[in-house]
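Shown below: model-v4.csv, with CSV, C-alpha atoms (C1' of nucleotides).
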```
chain,number,residue,atom,x,y,z
S,1,MET,CA,-21.4,17.4,62.1
S,2,SER,CA,-23.9,16.5,59.4
S,3,ALA,CA,-21.9,16.2,56.1
S,4,ALA,CA,-23.2,18.5,53.4
S,5,PRO,CA,-26.2,16.9,51.7
S,6,SER,CA,-25.4,15.5,48.3
S,7,LEU,CA,-26.5,17.1,45.1
S,8,ASP,CA,-28.3,13.9,44.5
S,9,ALA,CA,-30.5,14.5,47.6
S,10,ILE,CA,-30.9,18.2,46.8
S,11,PHE,CA,-32.0,17.7,43.2
S,12,ALA,CA,-34.2,14.8,44.1
S,13,ALA,CA,-35.9,16.9,46.7
S,14,LEU,CA,-36.5,19.7,44.3
S,15,ALA,CA,-37.9,17.4,41.7
S,16,ASP,CA,-41.3,17.2,43.4
S,17,PRO,CA,-43.8,20.0,42.9
S,18,THR,CA,-45.3,19.7,46.3
S,19,ARG,CA,-41.9,20.2,47.8
S,20,ARG,CA,-41.1,23.2,45.6
S,21,ALA,CA,-44.5,24.6,46.6
S,22,ILE,CA,-43.6,24.1,50.3
S,23,LEU,CA,-40.3,26.0,49.7
S,24,ALA,CA,-42.2,28.8,47.9
S,25,ARG,CA,-44.5,29.0,50.9
S,26,LEU,CA,-41.6,29.2,53.2
S,27,LEU,CA,-40.3,32.2,51.3
S,28,GLU,CA,-43.1,34.1,53.0
S,29,GLY,CA,-41.9,33.0,56.4
S,30,ASP,CA,-41.5,30.1,58.7
S,31,ALA,CA,-44.5,27.8,59.0
S,32,THR,CA,-45.7,24.8,60.9
S,33,VAL,CA,-46.5,21.4,59.4
S,34,MET,CA,-50.2,22.2,59.6
S,35,ASP,CA,-49.8,25.5,57.9
S,36,LEU,CA,-47.8,23.8,55.1
S,37,ALA,CA,-50.3,20.9,54.8
S,38,GLU,CA,-53.3,23.2,54.5
S,39,PRO,CA,-53.2,24.1,50.8
S,40,PHE,CA,-52.7,20.5,49.7
S,41,ALA,CA,-55.1,17.7,49.1
S,42,MET,CA,-52.8,15.4,51.0
S,43,SER,CA,-52.7,13.8,54.4
S,44,GLN,CA,-50.6,15.2,57.2
S,45,PRO,CA,-48.2,12.3,57.2
S,46,ALA,CA,-47.5,12.8,53.5
S,47,ILE,CA,-46.4,16.4,54.3
S,48,SER,CA,-44.3,15.2,57.1
S,49,LYS,CA,-42.5,12.9,54.7
S,50,HIS,CA,-41.9,15.7,52.3
S,51,LEU,CA,-40.5,17.8,55.0
S,52,ARG,CA,-38.2,15.1,56.0
S,53,VAL,CA,-36.9,14.8,52.5
S,54,LEU,CA,-36.4,18.6,52.4
S,55,GLU,CA,-34.6,18.5,55.7
S,56,THR,CA,-32.4,15.6,54.7
S,57,ALA,CA,-31.5,17.6,51.6
S,58,GLY,CA,-30.6,20.6,53.8
S,59,LEU,CA,-33.2,22.7,52.2
S,60,ILE,CA,-35.1,23.4,55.4
S,61,SER,CA,-34.4,23.3,59.1
S,62,ARG,CA,-36.8,22.9,61.9
S,63,GLY,CA,-37.2,24.4,65.3
S,64,ARG,CA,-39.4,23.8,68.2
S,65,ASP,CA,-42.2,26.0,69.5
S,66,GLY,CA,-44.3,24.2,72.0
S,67,THR,CA,-45.9,21.3,70.2
S,68,ARG,CA,-45.2,22.8,66.8
S,69,ARG,CA,-42.1,22.3,64.6
S,70,PRO,CA,-41.7,25.5,62.6
S,71,CYS,CA,-39.9,25.0,59.3
S,72,ARG,CA,-37.5,27.5,57.9
S,73,ILE,CA,-36.0,27.6,54.5
S,74,GLU,CA,-32.2,27.1,54.3
S,75,GLY,CA,-30.3,28.9,51.6
S,76,ALA,CA,-27.1,27.0,51.7
S,77,ALA,CA,-28.4,24.0,49.8
S,78,LEU,CA,-29.8,26.2,47.0
S,79,ALA,CA,-26.6,28.1,47.0
S,80,ARG,CA,-24.8,24.8,46.4
S,81,VAL,CA,-27.0,24.2,43.4
S,82,GLN,CA,-26.4,27.6,42.0
S,83,ARG,CA,-22.6,27.1,42.4
S,84,TRP,CA,-22.9,23.8,40.5
S,85,ILE,CA,-24.8,25.6,37.7
S,86,GLU,CA,-22.2,28.3,37.5
S,87,ASP,CA,-19.8,25.7,36.1
S,88,TYR,CA,-22.0,25.3,33.1
S,89,ARG,CA,-22.5,29.0,32.6
S,90,ALA,CA,-19.6,29.6,30.2
S,91,VAL,CA,-20.8,26.8,28.0
S,92,TRP,CA,-24.3,27.9,27.8
S,93,ASP,CA,-23.3,31.5,27.3
S,94,ALA,CA,-21.4,30.2,24.3
S,95,ASN,CA,-24.5,28.4,23.2
S,96,PHE,CA,-26.7,31.4,23.5
S,97,ALA,CA,-25.4,32.8,20.2
S,98,ARG,CA,-26.4,29.5,18.6
S,99,LEU,CA,-29.7,29.6,20.4
S,100,ASP,CA,-30.4,33.0,18.9
S,101,GLY,CA,-29.8,31.4,15.6
S,102,VAL,CA,-32.2,28.6,16.3
S,103,LEU,CA,-34.9,31.1,17.4
S,104,GLU,CA,-34.4,32.9,14.1
S,105,THR,CA,-34.8,29.6,12.3
S,106,MET,CA,-37.9,28.7,14.3
S,107,LYS,CA,-39.5,32.0,13.4
S,108,ARG,CA,-38.8,31.5,9.7
S,109,GLU,CA,-39.9,27.9,10.1
S,110,ARG,CA,-43.3,28.9,11.4
S,111,ARG,CA,-43.7,31.2,8.4
S,112,HIS,CA,-42.3,28.7,5.8
S,113,ASN,CA,-42.8,25.4,7.5
S,114,VAL,CA,-44.0,23.7,4.3
S,115,ALA,CA,-40.7,24.6,2.6
S,116,GLN,CA,-38.9,23.4,5.7
S,117,ARG,CA,-40.6,20.0,5.5
S,118,ARG,CA,-39.9,19.7,1.9
S,119,ALA,CA,-36.2,20.1,2.8
S,120,GLY,CA,-36.6,16.9,5.0
S,121,LYS,CA,-35.7,18.7,8.2
S,122,GLY,CA,-38.4,16.8,10.3
S,123,GLN,CA,-37.4,17.0,13.9
S,124,GLU,CA,-39.7,15.8,16.7
S,125,SER,CA,-39.2,15.7,20.5
U,1,MET,CA,-43.1,22.6,19.1
U,2,SER,CA,-42.1,20.8,22.3
U,3,ALA,CA,-43.4,22.7,25.2
U,4,ALA,CA,-40.6,23.8,27.6
U,5,PRO,CA,-39.8,20.8,29.8
U,6,SER,CA,-41.1,21.0,33.4
U,7,LEU,CA,-38.9,21.8,36.4
U,8,ASP,CA,-40.0,18.4,37.6
U,9,ALA,CA,-38.3,16.8,34.7
U,10,ILE,CA,-35.2,19.0,34.8
U,11,PHE,CA,-34.6,18.5,38.5
U,12,ALA,CA,-35.3,14.8,38.3
U,13,ALA,CA,-32.9,14.5,35.5
U,14,LEU,CA,-30.2,16.3,37.5
U,15,ALA,CA,-30.8,14.1,40.5
U,16,ASP,CA,-28.8,11.2,39.1
U,17,PRO,CA,-25.0,11.3,39.3
U,18,THR,CA,-24.5,9.4,36.1
U,19,ARG,CA,-26.5,12.0,34.3
U,20,ARG,CA,-24.7,14.9,35.9
U,21,ALA,CA,-21.4,13.2,34.9
U,22,ILE,CA,-22.7,12.9,31.4
U,23,LEU,CA,-23.4,16.7,31.4
U,24,ALA,CA,-20.0,17.4,32.8
U,25,ARG,CA,-18.5,15.3,30.0
U,26,LEU,CA,-20.5,17.3,27.5
U,27,LEU,CA,-19.0,20.5,28.7
U,28,GLU,CA,-15.8,19.3,27.0
U,29,GLY,CA,-17.7,19.0,23.7
U,30,ASP,CA,-20.3,17.0,21.9
U,31,ALA,CA,-20.0,13.2,22.2
U,32,THR,CA,-21.6,10.1,20.9
U,33,VAL,CA,-23.4,7.5,23.0
U,34,MET,CA,-20.4,5.2,22.9
U,35,ASP,CA,-18.1,8.0,24.0
U,36,LEU,CA,-20.4,8.8,26.9
U,37,ALA,CA,-20.9,5.2,27.9
U,38,GLU,CA,-17.2,4.4,28.0
U,39,PRO,CA,-16.3,5.8,31.4
U,40,PHE,CA,-19.2,4.0,33.1
U,41,ALA,CA,-19.6,0.4,34.3
U,42,MET,CA,-23.0,0.3,32.7
U,43,SER,CA,-24.5,-1.2,29.6
U,44,GLN,CA,-25.1,0.9,26.5
U,45,PRO,CA,-28.9,0.7,26.8
U,46,ALA,CA,-28.6,2.1,30.3
U,47,ILE,CA,-26.8,5.1,28.9
U,48,SER,CA,-29.3,5.5,26.1
U,49,LYS,CA,-32.0,5.7,28.7
U,50,HIS,CA,-30.2,8.3,30.7
U,51,LEU,CA,-29.7,10.3,27.5
U,52,ARG,CA,-33.4,10.1,26.8
U,53,VAL,CA,-34.1,11.5,30.3
U,54,LEU,CA,-31.7,14.3,29.7
U,55,GLU,CA,-33.2,15.0,26.3
U,56,THR,CA,-36.8,15.0,27.6
U,57,ALA,CA,-35.7,17.4,30.3
U,58,GLY,CA,-34.3,19.7,27.6
U,59,LEU,CA,-30.8,19.4,29.0
U,60,ILE,CA,-29.3,18.0,25.8
U,61,SER,CA,-30.1,17.8,22.2
U,62,ARG,CA,-29.0,15.3,19.6
U,63,GLY,CA,-27.9,15.5,16.1
U,64,ARG,CA,-27.1,12.9,13.4
U,65,ASP,CA,-23.7,12.1,12.0
U,66,GLY,CA,-23.8,9.0,10.0
U,67,THR,CA,-24.9,6.2,12.4
U,68,ARG,CA,-23.9,8.3,15.4
U,69,ARG,CA,-26.2,10.6,17.4
U,70,PRO,CA,-23.9,13.2,18.8
U,71,CYS,CA,-25.2,14.8,22.0
U,72,ARG,CA,-24.8,18.4,22.9
U,73,ILE,CA,-25.5,20.1,26.1
U,74,GLU,CA,-28.3,22.7,26.1
U,75,GLY,CA,-28.1,25.7,28.3
U,76,ALA,CA,-31.7,26.7,28.3
U,77,ALA,CA,-32.9,24.2,30.8
U,78,LEU,CA,-30.1,25.0,33.2
U,79,ALA,CA,-30.9,28.7,32.7
U,80,ARG,CA,-34.4,27.9,33.7
U,81,VAL,CA,-33.2,26.3,36.9
U,82,GLN,CA,-31.0,29.3,37.6
U,83,ARG,CA,-33.9,31.6,37.1
U,84,TRP,CA,-36.0,29.6,39.5
U,85,ILE,CA,-33.3,29.8,42.1
U,86,GLU,CA,-33.0,33.5,41.7
U,87,ASP,CA,-36.4,33.9,43.4
U,88,TYR,CA,-34.9,32.4,46.5
U,89,ARG,CA,-31.8,34.6,46.5
U,90,ALA,CA,-33.1,37.3,48.7
U,91,VAL,CA,-34.0,34.7,51.4
U,92,TRP,CA,-30.7,33.0,51.4
U,93,ASP,CA,-28.9,36.3,51.3
U,94,ALA,CA,-30.7,37.1,54.5
U,95,ASN,CA,-29.7,33.7,55.8
U,96,PHE,CA,-26.1,34.2,55.0
U,97,ALA,CA,-25.5,36.4,57.9
U,98,ARG,CA,-26.8,33.7,60.1
U,99,LEU,CA,-24.8,31.1,58.2
U,100,ASP,CA,-21.6,33.1,58.7
U,101,GLY,CA,-22.3,32.9,62.4
U,102,VAL,CA,-22.6,29.2,62.1
U,103,LEU,CA,-19.3,29.0,60.2
U,104,GLU,CA,-17.7,31.0,62.9
U,105,THR,CA,-19.1,28.7,65.5
U,106,MET,CA,-17.8,25.7,63.5
U,107,LYS,CA,-14.3,27.0,63.3
U,108,ARG,CA,-14.2,27.7,67.0
U,109,GLU,CA,-15.8,24.3,67.5
U,110,ARG,CA,-13.0,22.6,65.8
U,111,ARG,CA,-10.5,24.4,67.9
U,112,HIS,CA,-12.4,24.2,71.2
U,113,ASN,CA,-14.7,21.4,70.6
U,114,VAL,CA,-14.5,20.2,74.1
U,115,ALA,CA,-15.5,23.5,75.5
U,116,GLN,CA,-18.2,23.7,72.9
U,117,ARG,CA,-19.7,20.4,74.0
U,118,ARG,CA,-19.6,21.5,77.6
U,119,ALA,CA,-21.8,24.5,76.5
U,120,GLY,CA,-24.5,22.1,75.3
U,121,LYS,CA,-24.6,23.3,71.7
U,122,GLY,CA,-25.0,19.8,70.2
U,123,GLN,CA,-26.7,20.1,66.9
U,124,GLU,CA,-27.2,17.1,64.6
U,125,SER,CA,-29.0,16.7,61.2
R,1,DC,C1',-27.5,-5.6,-1.6
R,2,DC,C1',-24.9,-7.1,2.6
R,3,DA,C1',-22.3,-6.9,6.6
R,4,DA,C1',-20.9,-4.1,10.2
R,5,DT,C1',-21.5,-0.4,13.4
R,6,DA,C1',-24.2,2.8,16.4
R,7,DT,C1',-28.1,3.3,18.7
R,8,DA,C1',-32.9,2.3,20.3
R,9,DT,C1',-36.6,-0.7,22.0
R,10,DA,C1',-38.7,-4.6,24.6
R,11,DA,C1',-39.4,-7.4,28.3
R,12,DC,C1',-38.1,-8.1,32.6
R,13,DC,C1',-36.4,-7.6,37.7
R,14,DT,C1',-35.4,-5.0,41.9
R,15,DT,C1',-35.4,-0.9,44.6
R,16,DT,C1',-37.2,3.3,45.9
R,17,DA,C1',-40.7,7.0,46.1
R,18,DA,C1',-45.2,8.8,47.1
R,19,DG,C1',-49.2,8.1,49.0
R,20,DT,C1',-52.7,6.0,52.4
R,21,DA,C1',-54.8,4.9,57.2
R,22,DA,C1',-54.0,3.8,61.8
R,23,DT,C1',-51.4,4.5,65.8
R,24,DA,C1',-47.7,6.4,68.7
R,25,DT,C1',-45.2,10.2,70.8
R,26,DA,C1',-44.6,14.8,72.6
R,27,DA,C1',-45.8,19.1,74.6
R,28,DC,C1',-49.1,22.0,76.4
R,29,DC,C1',-53.1,23.4,79.3
R,30,DT,C1',-56.4,23.1,83.0
Q,1,DA,C1',-53.0,13.5,85.9
Q,2,DG,C1',-55.6,13.7,81.7
Q,3,DG,C1',-57.4,15.4,77.6
Q,4,DT,C1',-56.0,18.0,73.5
Q,5,DT,C1',-53.3,19.4,69.8
Q,6,DA,C1',-49.3,18.9,66.7
Q,7,DT,C1',-46.3,15.9,64.6
Q,8,DA,C1',-43.9,11.4,63.8
Q,9,DT,C1',-43.9,6.5,62.9
Q,10,DT,C1',-45.5,2.1,61.1
Q,11,DA,C1',-47.2,-1.0,57.9
Q,12,DC,C1',-48.9,-1.3,53.6
Q,13,DT,C1',-49.9,-0.4,48.3
Q,14,DT,C1',-48.9,1.3,43.8
Q,15,DA,C1',-46.1,3.1,40.5
Q,16,DA,C1',-41.9,4.7,38.7
Q,17,DA,C1',-36.8,4.6,38.3
Q,18,DG,C1',-32.7,2.3,37.1
Q,19,DG,C1',-30.6,-1.5,35.7
Q,20,DT,C1',-30.2,-6.0,33.0
Q,21,DT,C1',-30.1,-9.1,28.4
Q,22,DA,C1',-31.7,-9.9,24.0
Q,23,DT,C1',-33.3,-8.1,19.9
Q,24,DA,C1',-34.6,-4.5,16.5
Q,25,DT,C1',-33.7,-0.5,13.6
Q,26,DA,C1',-31.0,2.6,10.9
Q,27,DT,C1',-27.0,4.2,8.4
Q,28,DT,C1',-22.8,3.7,6.2
Q,29,DG,C1',-19.1,1.4,3.4
Q,30,DG,C1',-17.7,-2.2,0.4
```

The structure in this file should be written as structure tokens.
Amino acid sequence: MSAAPSLDAIFAALADPTRRAILARLLEGDATVMDLAEPFAMSQPAISKHLRVLETAGLISRGRDGTRRPCRIEGAALARVQRWIEDYRAVWDANFARLDGVLETMKRERRHNVAQRRAGKGQES
Amino acid sequence: MSAAPSLDAIFAALADPTRRAILARLLEGDATVMDLAEPFAMSQPAISKHLRVLETAGLISRGRDGTRRPCRIEGAALARVQRWIEDYRAVWDANFARLDGVLETMKRERRHNVAQRRAGKGQES
DNA sequence: CCAATATATAACCTTTAAGTAATATAACCT
DNA sequence: AGGTTATATTACTTAAAGGTTATATATTGG
């Protein structure tokens, strides 16, 4: 009955590198909380919290195996993200031509950056 | 010279619904800060902050047109997310078979939910 | 140059997120 | 039953996110 988790929750869950590392680990197969905690310099409760965030986002599910709670990666949430991105595809495809142009410019800029600066094209982040 | 923005920054930027709405609006074409602020019940500085987050994440770029700073959507960051997701594709493809099973079950559940419940298949989030 | 417009920055407040240590719960094993 | 192992929960701290208002900066047009 759980409503599909929101994109908010999914993206927020993915924004944390620890959680992405957990997902990457789960690509190799299901794992227990202890397994998942092991590579990190972080307490077990911290990992449990991360797992809860991932579960709430629908990115993992959890079973029961004795006293363990094996975690499994769930593709549906990621599929949802990918579908969301697809909507932007046409636009960025259109932009790729422009991007190519920009890359050209950057190459030339690196070679002639003094001239560029003289032209008053200063552009920082 | 700006290094490619981190996935952390990109996902965090995408986690906010206002910012996703801004991106959606930018699909229709470049827009100024005022244009982007208009649909939201939010102050102009709040929008400026969101735009800064999006820009830092590499999701938009900004030009100059008189006193305006037109915003443009940038595909590269989204492409980066999509490439990241690709790594998980094999896994969720494997899961789709299972997911199909679940969808089947849900359909039947809607039709025969009483019978389903009798079978003790309760599954919550 | 001055006024107006568009946007950015500063200072502040409130809520949420990520971590901690300590403790509680749950399932197994003997 | 009772100890052990695996995980969850609680209470707390710190820092960051998202919003506000007020003010500053920048660019144009007259």

Taking all atoms listed in the file into account, produce a table as JSON lines in which each residue of chain R with an atom at most 9 Å from an atom of chain S appears once, together with its shortest atom pair and the distance in Å to one decimal, ordered by chain and rising number.
```
{"residue": "R:DA18", "atom": "C1'", "partner": "S:Ala46", "partner_atom": "CA", "distance": 7.9}
{"residue": "R:DG19", "atom": "C1'", "partner": "S:Ala46", "partner_atom": "CA", "distance": 6.7}
{"residue": "R:DT20", "atom": "C1'", "partner": "S:Ser43", "partner_atom": "CA", "distance": 8.1}
{"residue": "R:DA26", "atom": "C1'", "partner": "S:Thr67", "partner_atom": "CA", "distance": 7.0}
{"residue": "R:DA27", "atom": "C1'", "partner": "S:Thr67", "partner_atom": "CA", "distance": 4.9}
{"residue": "R:DC28", "atom": "C1'", "partner": "S:Gly66", "partner_atom": "CA", "distance": 6.9}
```

Kindly export the residues of the current selection with C-alpha atoms (C1' of nucleotides), as a PDB file, in the frame of the given file.
```
ATOM      1  C1'  DA R  18     -45.200   8.800  47.100  1.00  0.00           C
ATOM      2  C1'  DG R  19     -49.200   8.100  49.000  1.00  0.00           C
ATOM      3  C1'  DT R  20     -52.700   6.000  52.400  1.00  0.00           C
ATOM      4  C1'  DA R  26     -44.600  14.800  72.600  1.00  0.00           C
ATOM      5  C1'  DA R  27     -45.800  19.100  74.600  1.00  0.00           C
ATOM      6  C1'  DC R  28     -49.100  22.000  76.400  1.00  0.00           C
TER       7       DC R  28
END
```

- Which residue gives the smallest distance to Glu55 in chain U among U:Ala31, U:Leu78, U:Ala3, U:Cys71, with all atoms listed in the file counted?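 Counting all atoms listed in the file, the residue closest to Glu55 in chain U is U:Cys71.
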
- Could you name the residues that touch Ala79 in chain S at 12 Å or less, counting all atoms listed in the file, but leaving out those on the same chain fewer than 2 positions away, as a PyMOL selection string? (chain S and resi 7+10+58-59+74-77+81-86) or (chain U and resi 82+85-93+95-96+99)

Any idea which chain S residues end up within 6 Å of chain U if we count only C-alpha atoms, as a PDB file with C-alpha atoms, in the coordinates of the input please?
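Full text of out.pdb as output:
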```pdb
ATOM      1  CA  SER S   2     -23.900  16.500  59.400  1.00  0.00           C
ATOM      2  CA  ASP S   8     -28.300  13.900  44.500  1.00  0.00           C
ATOM      3  CA  PHE S  11     -32.000  17.700  43.200  1.00  0.00           C
ATOM      4  CA  ALA S  12     -34.200  14.800  44.100  1.00  0.00           C
ATOM      5  CA  ALA S  15     -37.900  17.400  41.700  1.00  0.00           C
ATOM      6  CA  GLY S  75     -30.300  28.900  51.600  1.00  0.00           C
ATOM      7  CA  TRP S  92     -24.300  27.900  27.800  1.00  0.00           C
TER       8      TRP S  92
END
```

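With distances taken from (-25.2, 5.1, 29.4) and restricted to all atoms listed in the file, the residues inside 10 Å are U:Thr18, U:Arg19, U:Ile22, U:Val33, U:Met34, U:Asp35, U:Leu36, U:Ala37, U:Glu38, U:Pro39, U:Phe40, U:Ala41, U:Met42, U:Ser43, U:Gln44, U:Pro45, U:Ala46, U:Ile47, U:Ser48, U:Lys49, U:His50, U:Leu51, U:Arg52.
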
- Please identify all polymer residues within 10 Å of DA17 in chain R, counting all atoms listed in the file, omitting same-chain residues fewer than 3 positions from it, and present them as an NGL selection string. :Q and (15-17)

Prev. selection, C-alpha atoms (C1' of nucleotides), output as a PDB file, in the coordinates of the input:
```pdb
ATOM      1  C1'  DA Q  15     -46.100   3.100  40.500  1.00  0.00           C
ATOM      2  C1'  DA Q  16     -41.900   4.700  38.700  1.00  0.00           C
ATOM      3  C1'  DA Q  17     -36.800   4.600  38.300  1.00  0.00           C
TER       4       DA Q  17
END
```

- Item | Surrounding residues of DA3 in chain R excluding itself and chain neighbours under 6 positions, 12 Å, all atoms listed in the file, as a PyMOL selection string | chain Q and resi 28-30

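Every residue of chain Q that lies within 9 Å of chain U is listed here, counting all atoms listed in the file: DG18, DG19, DT20, DA26, DT27 and DT28 of chain Q.
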
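For the pair CA of Arg25 in chain U and CA of Arg72 in chain U, the interatomic distance is 10.0 Å.
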
Supply range 29-44 of chain S as an mmCIF file, keeping the file's coordinate frame, with N, CA and C atoms built in where the input has gaps.
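Generated file (part.cif):
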```cif
data_model
loop_
_atom_site.group_PDB
_atom_site.id
_atom_site.type_symbol
_atom_site.label_atom_id
_atom_site.label_comp_id
_atom_site.auth_asym_id
_atom_site.auth_seq_id
_atom_site.Cartn_x
_atom_site.Cartn_y
_atom_site.Cartn_z
ATOM 1 N N GLY S 29 -42.177 33.089 54.990
ATOM 2 C CA GLY S 29 -41.900 33.000 56.400
ATOM 3 C C GLY S 29 -41.988 31.629 56.951
ATOM 4 N N ASP S 30 -41.492 31.422 58.130
ATOM 5 C CA ASP S 30 -41.500 30.100 58.700
ATOM 6 C C ASP S 30 -42.971 29.643 58.890
ATOM 7 N N ALA S 31 -43.155 28.351 58.889
ATOM 8 C CA ALA S 31 -44.500 27.800 59.000
ATOM 9 C C ALA S 31 -44.498 26.455 59.631
ATOM 10 N N THR S 32 -45.608 26.113 60.242
ATOM 11 C CA THR S 32 -45.700 24.800 60.900
ATOM 12 C C THR S 32 -46.160 23.767 59.876
ATOM 13 N N VAL S 33 -46.121 22.521 60.292
ATOM 14 C CA VAL S 33 -46.500 21.400 59.400
ATOM 15 C C VAL S 33 -47.978 21.611 58.988
ATOM 16 N N MET S 34 -48.826 21.954 59.918
ATOM 17 C CA MET S 34 -50.200 22.200 59.600
ATOM 18 C C MET S 34 -50.408 23.285 58.586
ATOM 19 N N ASP S 35 -49.728 24.389 58.828
ATOM 20 C CA ASP S 35 -49.800 25.500 57.900
ATOM 21 C C ASP S 35 -49.400 25.006 56.477
ATOM 22 N N LEU S 36 -48.346 24.238 56.428
ATOM 23 C CA LEU S 36 -47.800 23.800 55.100
ATOM 24 C C LEU S 36 -48.760 22.787 54.479
ATOM 25 N N ALA S 37 -49.412 21.982 55.295
ATOM 26 C CA ALA S 37 -50.300 20.900 54.800
ATOM 27 C C ALA S 37 -51.577 21.533 54.197
ATOM 28 N N GLU S 38 -52.004 22.618 54.796
ATOM 29 C CA GLU S 38 -53.300 23.200 54.500
ATOM 30 C C GLU S 38 -53.664 23.313 53.017
ATOM 31 N N PRO S 39 -52.762 23.877 52.197
ATOM 32 C CA PRO S 39 -53.200 24.100 50.800
ATOM 33 C C PRO S 39 -53.226 22.803 49.966
ATOM 34 N N PHE S 40 -52.767 21.699 50.485
ATOM 35 C CA PHE S 40 -52.700 20.500 49.700
ATOM 36 C C PHE S 40 -53.739 19.472 49.987
ATOM 37 N N ALA S 41 -54.169 18.774 48.947
ATOM 38 C CA ALA S 41 -55.100 17.700 49.100
ATOM 39 C C ALA S 41 -54.338 16.431 49.435
ATOM 40 N N MET S 42 -53.789 16.411 50.613
ATOM 41 C CA MET S 42 -52.800 15.400 51.000
ATOM 42 C C MET S 42 -52.847 15.221 52.471
ATOM 43 N N SER S 43 -52.617 14.023 52.931
ATOM 44 C CA SER S 43 -52.700 13.800 54.400
ATOM 45 C C SER S 43 -51.487 14.445 55.089
ATOM 46 N N GLN S 44 -51.642 14.603 56.375
ATOM 47 C CA GLN S 44 -50.600 15.200 57.200
ATOM 48 C C GLN S 44 -49.300 14.353 57.125
#
```
